[in-house]
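Quick look at model.txt (compact mmCIF, C-alpha atoms):
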# COMPACT_ATOMS: atom_id res chain seq x y z
CA ASN A 231 175.79 -101.59 -111.09
CA ALA A 232 176.48 -98.66 -108.74
CA GLY A 233 180.13 -99.43 -107.83
CA VAL A 234 181.66 -96.44 -106.04
CA THR A 235 179.33 -93.50 -105.53
CA GLN A 236 180.49 -90.13 -104.28
CA THR A 237 178.61 -86.94 -103.57
CA PRO A 238 178.43 -84.06 -104.22
CA LYS A 239 179.74 -83.88 -107.77
CA PHE A 240 180.38 -80.14 -107.62
CA ARG A 241 180.77 -77.78 -104.69
CA ILE A 242 182.02 -74.26 -104.08
CA LEU A 243 183.28 -73.51 -100.60
CA LYS A 244 184.37 -70.29 -98.97
CA ILE A 245 187.72 -70.13 -97.22
CA GLY A 246 187.37 -71.43 -93.68
CA GLN A 247 184.21 -73.45 -94.28
CA SER A 248 184.06 -77.17 -93.66
CA MET A 249 182.36 -79.92 -95.58
CA THR A 250 182.16 -83.67 -96.00
CA LEU A 251 182.51 -85.58 -99.22
CA GLN A 252 180.46 -88.74 -99.05
CA CYS A 253 181.59 -92.05 -100.54
CA THR A 254 179.88 -95.41 -100.57
CA GLN A 255 180.61 -98.65 -102.39
CA ASP A 256 178.42 -101.68 -102.90
CA MET A 257 181.08 -104.19 -103.95
CA ASN A 258 181.89 -105.37 -100.41
CA HIS A 259 185.45 -104.16 -100.86
CA ASN A 260 187.69 -104.04 -97.82
CA TYR A 261 190.02 -101.30 -98.99
CA MET A 262 188.91 -97.76 -99.66
CA TYR A 263 190.88 -94.71 -100.72
CA TRP A 264 190.60 -90.98 -101.19
CA TYR A 265 192.73 -89.34 -103.86
CA ARG A 266 193.01 -85.79 -105.11
CA GLN A 267 193.87 -84.76 -108.64
CA ASP A 268 195.34 -81.35 -109.37
CA PRO A 269 195.46 -79.95 -112.93
CA GLY A 270 198.07 -81.65 -115.09
CA MET A 271 199.00 -84.04 -112.34
CA GLY A 272 198.34 -87.62 -111.50
CA LEU A 273 196.38 -88.63 -108.46
CA LYS A 274 197.80 -88.42 -104.96
CA LEU A 275 196.59 -90.42 -102.00
CA ILE A 276 195.03 -88.51 -99.11
CA TYR A 277 193.83 -91.30 -96.79
CA TYR A 278 193.06 -94.96 -97.05
CA SER A 279 191.33 -97.66 -95.05
CA VAL A 280 191.90 -101.41 -95.01
CA GLY A 281 188.64 -102.15 -93.24
CA ALA A 282 185.94 -100.79 -90.97
CA GLY A 283 187.46 -98.93 -88.03
CA ILE A 284 190.93 -98.70 -89.60
CA THR A 285 192.26 -95.64 -91.39
CA ASP A 286 195.68 -94.29 -92.20
CA LYS A 287 197.34 -91.32 -93.84
CA GLY A 288 198.47 -91.23 -97.41
CA GLU A 289 200.83 -88.84 -99.14
CA VAL A 290 198.86 -85.59 -98.66
CA PRO A 291 196.65 -85.88 -95.53
CA ASN A 292 196.98 -82.35 -94.12
CA GLY A 293 193.68 -80.51 -93.86
CA TYR A 294 191.57 -83.66 -94.13
CA ASN A 295 190.03 -86.27 -91.88
CA VAL A 296 188.31 -89.58 -92.53
CA SER A 297 186.33 -92.21 -90.73
CA ARG A 298 185.28 -95.75 -91.61
CA SER A 299 182.44 -96.95 -89.43
CA THR A 300 181.08 -99.41 -92.00
CA THR A 301 182.52 -101.42 -94.87
CA GLU A 302 180.46 -99.45 -97.36
CA ASP A 303 181.11 -95.84 -96.35
CA PHE A 304 184.27 -93.74 -96.26
CA PRO A 305 183.54 -90.01 -95.89
CA LEU A 306 186.24 -87.38 -96.29
CA ARG A 307 186.01 -84.26 -94.16
CA LEU A 308 187.63 -80.97 -95.08
CA GLU A 309 188.20 -78.72 -92.10
CA LEU A 310 188.82 -74.99 -92.55
CA ALA A 311 188.89 -75.07 -96.34
CA ALA A 312 191.82 -73.35 -98.06
CA PRO A 313 192.35 -72.42 -101.73
CA SER A 314 195.05 -75.11 -101.90
CA GLN A 315 192.29 -77.69 -101.46
CA THR A 316 190.70 -76.72 -104.75
CA SER A 317 190.94 -79.99 -106.62
CA VAL A 318 189.08 -82.99 -107.97
CA TYR A 319 188.56 -85.67 -105.36
CA PHE A 320 188.19 -89.33 -106.15
CA CYS A 321 186.99 -92.04 -103.85
CA ALA A 322 188.04 -95.57 -104.74
CA SER A 323 187.85 -99.11 -103.48
CA SER A 324 189.44 -102.50 -103.99
CA TYR A 325 188.89 -106.00 -102.70
CA GLY A 326 192.32 -106.27 -101.10
CA GLY A 327 195.79 -104.82 -101.01
CA PRO A 328 198.62 -104.65 -103.54
CA GLY A 329 197.77 -105.85 -107.01
CA ASN A 330 194.03 -105.69 -106.63
CA THR A 331 192.34 -103.46 -109.13
CA ILE A 332 191.22 -100.17 -107.65
CA TYR A 333 187.85 -98.90 -108.89
CA PHE A 334 187.11 -95.21 -108.81
CA GLY A 335 184.05 -93.08 -108.29
CA GLU A 336 183.15 -90.36 -110.76
CA GLY A 337 184.93 -87.58 -108.91
CA SER A 338 183.92 -84.50 -106.94
CA TRP A 339 184.96 -81.07 -108.21
CA LEU A 340 185.67 -78.76 -105.27
CA THR A 341 186.51 -75.07 -105.53
CA VAL A 342 187.55 -73.02 -102.52
CA VAL A 343 187.18 -69.26 -102.96
CA ALA B 266 211.79 -94.88 -104.57
CA GLN B 267 208.75 -95.76 -106.63
CA LYS B 268 207.97 -93.51 -109.54
CA VAL B 269 206.02 -93.52 -112.78
CA THR B 270 207.03 -91.31 -115.68
CA GLN B 271 204.86 -90.52 -118.65
CA ALA B 272 207.11 -88.30 -120.70
CA GLN B 273 204.49 -87.42 -123.30
CA THR B 274 202.30 -84.67 -121.90
CA GLU B 275 200.06 -84.35 -124.96
CA ILE B 276 199.71 -86.24 -128.21
CA SER B 277 197.55 -85.28 -131.15
CA VAL B 278 196.77 -87.69 -133.98
CA VAL B 279 194.33 -87.96 -136.82
CA GLU B 280 191.69 -90.65 -136.72
CA LYS B 281 192.86 -94.10 -137.86
CA GLU B 282 196.47 -93.41 -136.95
CA ASP B 283 198.20 -95.75 -134.53
CA VAL B 284 199.53 -94.16 -131.36
CA THR B 285 201.77 -95.40 -128.54
CA LEU B 286 201.70 -93.97 -125.04
CA ASP B 287 204.91 -94.45 -123.11
CA CYS B 288 205.23 -95.40 -119.46
CA VAL B 289 208.47 -95.92 -117.54
CA TYR B 290 208.47 -96.98 -113.91
CA GLU B 291 210.91 -97.25 -111.03
CA THR B 292 210.57 -99.66 -108.14
CA ARG B 293 212.82 -101.56 -105.78
CA ASP B 294 210.26 -104.28 -105.33
CA THR B 295 210.53 -107.56 -107.26
CA THR B 296 206.77 -108.06 -107.15
CA TYR B 297 204.70 -105.22 -108.44
CA TYR B 298 201.69 -104.44 -110.57
CA LEU B 299 201.15 -102.03 -113.41
CA PHE B 300 197.89 -100.46 -114.50
CA TRP B 301 196.49 -98.21 -117.16
CA TYR B 302 193.47 -96.02 -116.59
CA LYS B 303 191.55 -93.83 -119.01
CA GLN B 304 190.04 -90.48 -118.01
CA PRO B 305 187.65 -89.24 -120.71
CA PRO B 306 186.54 -85.58 -120.83
CA SER B 307 183.64 -86.43 -118.52
CA GLY B 308 186.21 -86.97 -115.76
CA GLU B 309 185.72 -90.48 -114.44
CA LEU B 310 188.60 -92.94 -114.24
CA VAL B 311 188.14 -96.13 -116.17
CA PHE B 312 190.29 -99.18 -115.50
CA LEU B 313 191.86 -100.62 -118.66
CA ILE B 314 194.42 -103.24 -117.70
CA ARG B 315 196.41 -104.75 -114.84
CA ARG B 316 199.69 -106.61 -115.28
CA ASN B 317 201.87 -108.27 -112.64
CA SER B 318 205.66 -108.21 -112.73
CA PHE B 319 205.96 -111.92 -113.45
CA ASP B 320 203.90 -111.82 -116.60
CA GLU B 321 205.75 -110.22 -119.48
CA GLN B 322 203.41 -111.45 -122.16
CA ASN B 323 202.00 -108.72 -124.30
CA GLU B 324 198.28 -108.18 -124.06
CA ILE B 325 195.87 -107.35 -126.84
CA SER B 326 192.26 -106.31 -126.38
CA GLY B 327 190.58 -105.20 -129.56
CA ARG B 328 192.37 -102.08 -130.76
CA TYR B 329 194.35 -101.82 -127.54
CA SER B 330 197.65 -103.53 -126.86
CA TRP B 331 200.20 -103.34 -124.10
CA ASN B 332 203.93 -104.06 -124.24
CA PHE B 333 205.53 -104.84 -120.89
CA GLN B 334 209.34 -104.99 -120.83
CA LYS B 335 211.05 -105.47 -117.49
CA SER B 336 214.48 -104.96 -119.04
CA THR B 337 213.63 -101.34 -119.79
CA SER B 338 211.08 -100.88 -116.97
CA SER B 339 208.45 -99.91 -119.47
CA PHE B 340 204.76 -100.65 -119.90
CA ASN B 341 203.69 -98.98 -123.13
CA PHE B 342 200.16 -98.75 -124.46
CA THR B 343 199.30 -98.76 -128.16
CA ILE B 344 195.99 -97.84 -129.73
CA THR B 345 195.60 -99.13 -133.26
CA ALA B 346 193.41 -97.25 -135.74
CA SER B 347 192.57 -94.55 -133.22
CA GLN B 348 189.07 -93.12 -132.99
CA VAL B 349 187.70 -89.83 -131.74
CA VAL B 350 186.24 -91.66 -128.73
CA ASP B 351 189.79 -92.53 -127.67
CA SER B 352 190.40 -88.88 -126.83
CA ALA B 353 191.17 -88.83 -123.12
CA VAL B 354 193.91 -88.55 -120.56
CA TYR B 355 195.61 -91.88 -120.00
CA PHE B 356 197.33 -92.70 -116.73
CA CYS B 357 199.89 -95.37 -116.05
CA ALA B 358 200.15 -96.47 -112.41
CA LEU B 359 202.28 -98.73 -110.22
CA SER B 360 201.40 -100.75 -107.13
CA GLU B 361 204.09 -102.50 -105.11
CA ALA B 362 203.53 -105.73 -103.22
CA ALA B 363 205.72 -104.69 -100.30
CA ASN B 364 204.78 -101.76 -98.14
CA TYR B 365 207.87 -99.57 -97.87
CA GLY B 366 206.31 -97.26 -95.31
CA GLY B 367 203.74 -96.30 -97.86
CA SER B 368 200.10 -97.15 -98.22
CA GLN B 369 199.02 -100.68 -98.84
CA GLY B 370 197.78 -101.32 -102.32
CA ASN B 371 198.12 -97.66 -103.19
CA LEU B 372 198.63 -96.68 -106.80
CA ILE B 373 201.52 -94.43 -107.75
CA PHE B 374 200.34 -92.48 -110.79
CA GLY B 375 202.19 -90.87 -113.63
CA LYS B 376 201.10 -87.38 -114.62
CA GLY B 377 199.12 -88.68 -117.56
CA THR B 378 199.20 -88.27 -121.32
CA LYS B 379 196.44 -86.31 -122.98
CA LEU B 380 195.50 -87.91 -126.27
CA SER B 381 193.52 -85.92 -128.80
CA VAL B 382 192.19 -87.78 -131.82
CA LYS B 383 190.95 -85.50 -134.56
CA PRO B 384 188.47 -86.60 -137.23
Entire entry expressed as C-alpha cells:
Amino acid sequence: NAGVTQTPKFRILKIGQSMTLQCTQDMNHNYMYWYRQDPGMGLKLIYYSVGAGITDKGEVPNGYNVSRSTTEDFPLRLELAAPSQTSVYFCASSYGGPGNTIYFGEGSWLTVV
Amino acid sequence: AQKVTQAQTEISVVEKEDVTLDCVYETRDTTYYLFWYKQPPSGELVFLIRRNSFDEQNEISGRYSWNFQKSTSSFNFTITASQVVDSAVYFCALSEAANYGGSQGNLIFGKGTKLSVKP
C-alpha cells in the first residue's frame, strides 16, 4: 500500500536555487495538502487543493507555488530558496474536507545553505 | 480563533509506567474534529485517532485510550504500561467543519509532546 509518496527524502539547496518536491497519492483522494514542520513546532499549512485544477493558499504560502493537474499529483515548487525555508515538508491527502482523516507522506528534509 | 495547546513539551517515563498527554483546544465552531498523530524518530506521521465533537465517549484501543471532555475543551491521550516503542512526538490536532476564511479540512496542530520511554 503506497499511500502518499513524496520525493526526494533529503535535499540540500544553495540560497537562490529552485526545486520541486514531488508528491503523489494512490488513494483517489480529492484533497491534498503541503505542510512544513519547523523544529519544536507543529505543522503549518503551505498550500492545499480540493481537486484537480484547484489550489489555494494556506497559512505560510510565501516563497512557494503549487499545481494540481491530476488527482494523483501535487508538486510543491520552491523558488529562490532562502535559509528560512529549511524545514521538513509533508505532503498529505484526504478523501474530503473537514473531519476526514488526513494521511501523510514520510516527509522531505530540506536544508538551504 | 482556533488553537491547540499541548502544554507538555517533553515527558520522560520508565517502561511500564502509565502516561497521559494533555491537549486543550479552542474553537468557535460547534462541529469540529480532533485527532492524534504519532511521529516516531523515523519522522513519518502516523494517524492514531479521530473524534467528532458530538461523540464524547471515551475510546480505548489496546494500551491507548482517549478522554474527550467538551466541558474543559480537552482531548487527552493515555498510554497504559508504556513501552520503549512508544517513544515519539505526539501531536494533537483540530479540524473545524466551518471554513472561517481558513483552509478547508485543514488541521490545526499543537506543538507536540515528546515522549521518551526508558527501559
Exercise: region 331-341 of chain A partners within 7 Å, all atoms listed in the file, chain neighbours under 4 positions left out, as a ChimeraX atom specification: /A:234-243,316-324 /B:308-310
Identify all chain B residues at most 8 Å from chain A by counting all atoms listed in the file; ligands do not count. Present them as an MDAnalysis selection string. chainID B and resid 297:298 308:312 315 317 356 360:363 367:371 373:377
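Residues with at least one atom no more than 8 Å from (183.7, -104.6, -108.1), using only C-alpha atoms, are A:Gly233, A:Asp256, A:Met257, A:Asn258, A:His259, A:Ser324, A:Tyr325, A:Tyr333.
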Separation of CA of Thr292 (chain B) and CA of Ile314 (chain B), in Å? 19.1 Å
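In terms of minimum interatomic distance to Leu372 (chain B), A:Trp264 ranks closest within A:Thr254, A:Gln315, A:Met249, A:Trp264, counting only C-alpha atoms.
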Which residues are close to Ile276 (chain B), i.e. within 9 Å by all atoms listed in the file, leaving aside same-chain residues fewer than 4 positions away? Reply as an NGL selection string. :B and (284 or 286 or 378-382)
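Residue nearest Ser339 (chain B) within the list B:Lys303, B:Lys383, B:Lys281, B:Lys268: B:Lys268 [criterion: smallest interatomic distance, only C-alpha atoms].
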Generate the missing atoms of region 299-323 of chain B up to N, CA, C and O atoms and report them as an mmCIF file, in the frame of the given file.
data_model
loop_
_atom_site.group_PDB
_atom_site.id
_atom_site.type_symbol
_atom_site.label_atom_id
_atom_site.label_comp_id
_atom_site.auth_asym_id
_atom_site.auth_seq_id
_atom_site.Cartn_x
_atom_site.Cartn_y
_atom_site.Cartn_z
ATOM 1 N N LEU B 299 201.258 -103.215 -112.565
ATOM 2 C CA LEU B 299 201.150 -102.030 -113.410
ATOM 3 C C LEU B 299 199.738 -101.930 -113.962
ATOM 4 O O LEU B 299 199.106 -102.937 -114.279
ATOM 5 N N PHE B 300 199.266 -100.717 -114.062
ATOM 6 C CA PHE B 300 197.890 -100.460 -114.500
ATOM 7 C C PHE B 300 197.875 -99.336 -115.523
ATOM 8 O O PHE B 300 198.740 -98.460 -115.535
ATOM 9 N N TRP B 301 196.835 -99.363 -116.322
ATOM 10 C CA TRP B 301 196.490 -98.210 -117.160
ATOM 11 C C TRP B 301 195.036 -97.863 -116.886
ATOM 12 O O TRP B 301 194.168 -98.753 -116.812
ATOM 13 N N TYR B 302 194.812 -96.543 -116.751
ATOM 14 C CA TYR B 302 193.470 -96.020 -116.590
ATOM 15 C C TYR B 302 193.227 -94.955 -117.656
ATOM 16 O O TYR B 302 194.141 -94.256 -118.080
ATOM 17 N N LYS B 303 191.973 -94.839 -118.042
ATOM 18 C CA LYS B 303 191.550 -93.830 -119.010
ATOM 19 C C LYS B 303 190.648 -92.819 -118.314
ATOM 20 O O LYS B 303 189.748 -93.199 -117.556
ATOM 21 N N GLN B 304 190.904 -91.531 -118.558
ATOM 22 C CA GLN B 304 190.040 -90.480 -118.010
ATOM 23 C C GLN B 304 189.477 -89.667 -119.164
ATOM 24 O O GLN B 304 190.124 -88.758 -119.685
ATOM 25 N N PRO B 305 188.268 -89.990 -119.613
ATOM 26 C CA PRO B 305 187.650 -89.240 -120.710
ATOM 27 C C PRO B 305 187.291 -87.827 -120.258
ATOM 28 O O PRO B 305 187.384 -87.510 -119.067
ATOM 29 N N PRO B 306 186.885 -86.975 -121.187
ATOM 30 C CA PRO B 306 186.540 -85.580 -120.830
ATOM 31 C C PRO B 306 185.490 -85.478 -119.730
ATOM 32 O O PRO B 306 185.447 -84.479 -119.020
ATOM 33 N N SER B 307 184.665 -86.482 -119.566
ATOM 34 C CA SER B 307 183.640 -86.430 -118.520
ATOM 35 C C SER B 307 184.232 -86.587 -117.116
ATOM 36 O O SER B 307 183.572 -86.295 -116.128
ATOM 37 N N GLY B 308 185.486 -87.025 -117.023
ATOM 38 C CA GLY B 308 186.210 -86.970 -115.760
ATOM 39 C C GLY B 308 186.354 -88.250 -114.969
ATOM 40 O O GLY B 308 187.201 -88.303 -114.074
ATOM 41 N N GLU B 309 185.579 -89.263 -115.245
ATOM 42 C CA GLU B 309 185.720 -90.480 -114.440
ATOM 43 C C GLU B 309 186.983 -91.238 -114.821
ATOM 44 O O GLU B 309 187.570 -91.006 -115.881
ATOM 45 N N LEU B 310 187.415 -92.119 -113.971
ATOM 46 C CA LEU B 310 188.600 -92.940 -114.240
ATOM 47 C C LEU B 310 188.150 -94.359 -114.555
ATOM 48 O O LEU B 310 187.490 -95.007 -113.748
ATOM 49 N N VAL B 311 188.571 -94.820 -115.705
ATOM 50 C CA VAL B 311 188.140 -96.130 -116.170
ATOM 51 C C VAL B 311 189.340 -97.071 -116.206
ATOM 52 O O VAL B 311 190.351 -96.785 -116.844
ATOM 53 N N PHE B 312 189.224 -98.183 -115.525
ATOM 54 C CA PHE B 312 190.290 -99.180 -115.500
ATOM 55 C C PHE B 312 190.400 -99.842 -116.879
ATOM 56 O O PHE B 312 189.404 -100.237 -117.471
ATOM 57 N N LEU B 313 191.642 -99.970 -117.369
ATOM 58 C CA LEU B 313 191.860 -100.620 -118.660
ATOM 59 C C LEU B 313 192.553 -101.966 -118.522
ATOM 60 O O LEU B 313 192.123 -102.956 -119.116
ATOM 61 N N ILE B 314 193.665 -101.995 -117.763
ATOM 62 C CA ILE B 314 194.420 -103.240 -117.700
ATOM 63 C C ILE B 314 195.264 -103.283 -116.429
ATOM 64 O O ILE B 314 195.658 -102.255 -115.887
ATOM 65 N N ARG B 315 195.528 -104.473 -115.958
ATOM 66 C CA ARG B 315 196.410 -104.750 -114.840
ATOM 67 C C ARG B 315 197.389 -105.826 -115.274
ATOM 68 O O ARG B 315 197.003 -106.806 -115.897
ATOM 69 N N ARG B 316 198.655 -105.649 -114.918
ATOM 70 C CA ARG B 316 199.690 -106.610 -115.280
ATOM 71 C C ARG B 316 200.595 -106.808 -114.078
ATOM 72 O O ARG B 316 201.012 -105.841 -113.467
ATOM 73 N N ASN B 317 200.935 -108.063 -113.743
ATOM 74 C CA ASN B 317 201.870 -108.270 -112.640
ATOM 75 C C ASN B 317 203.289 -108.432 -113.190
ATOM 76 O O ASN B 317 203.492 -108.743 -114.369
ATOM 77 N N SER B 318 204.256 -108.261 -112.316
ATOM 78 C CA SER B 318 205.660 -108.210 -112.730
ATOM 79 C C SER B 318 206.198 -109.542 -113.250
ATOM 80 O O SER B 318 207.265 -109.584 -113.856
ATOM 81 N N PHE B 319 205.474 -110.610 -113.007
ATOM 82 C CA PHE B 319 205.960 -111.920 -113.450
ATOM 83 C C PHE B 319 205.394 -112.314 -114.814
ATOM 84 O O PHE B 319 205.730 -113.372 -115.344
ATOM 85 N N ASP B 320 204.548 -111.488 -115.344
ATOM 86 C CA ASP B 320 203.900 -111.820 -116.600
ATOM 87 C C ASP B 320 204.292 -110.802 -117.658
ATOM 88 O O ASP B 320 203.715 -109.719 -117.725
ATOM 89 N N GLU B 321 205.275 -111.156 -118.469
ATOM 90 C CA GLU B 321 205.750 -110.220 -119.480
ATOM 91 C C GLU B 321 205.101 -110.417 -120.832
ATOM 92 O O GLU B 321 205.496 -109.806 -121.810
ATOM 93 N N GLN B 322 204.099 -111.247 -120.879
ATOM 94 C CA GLN B 322 203.410 -111.450 -122.160
ATOM 95 C C GLN B 322 202.683 -110.175 -122.557
ATOM 96 O O GLN B 322 202.070 -109.507 -121.725
ATOM 97 N N ASN B 323 202.752 -109.857 -123.819
ATOM 98 C CA ASN B 323 202.000 -108.720 -124.300
ATOM 99 C C ASN B 323 200.508 -109.042 -124.290
ATOM 100 O O ASN B 323 200.108 -110.197 -124.394
#
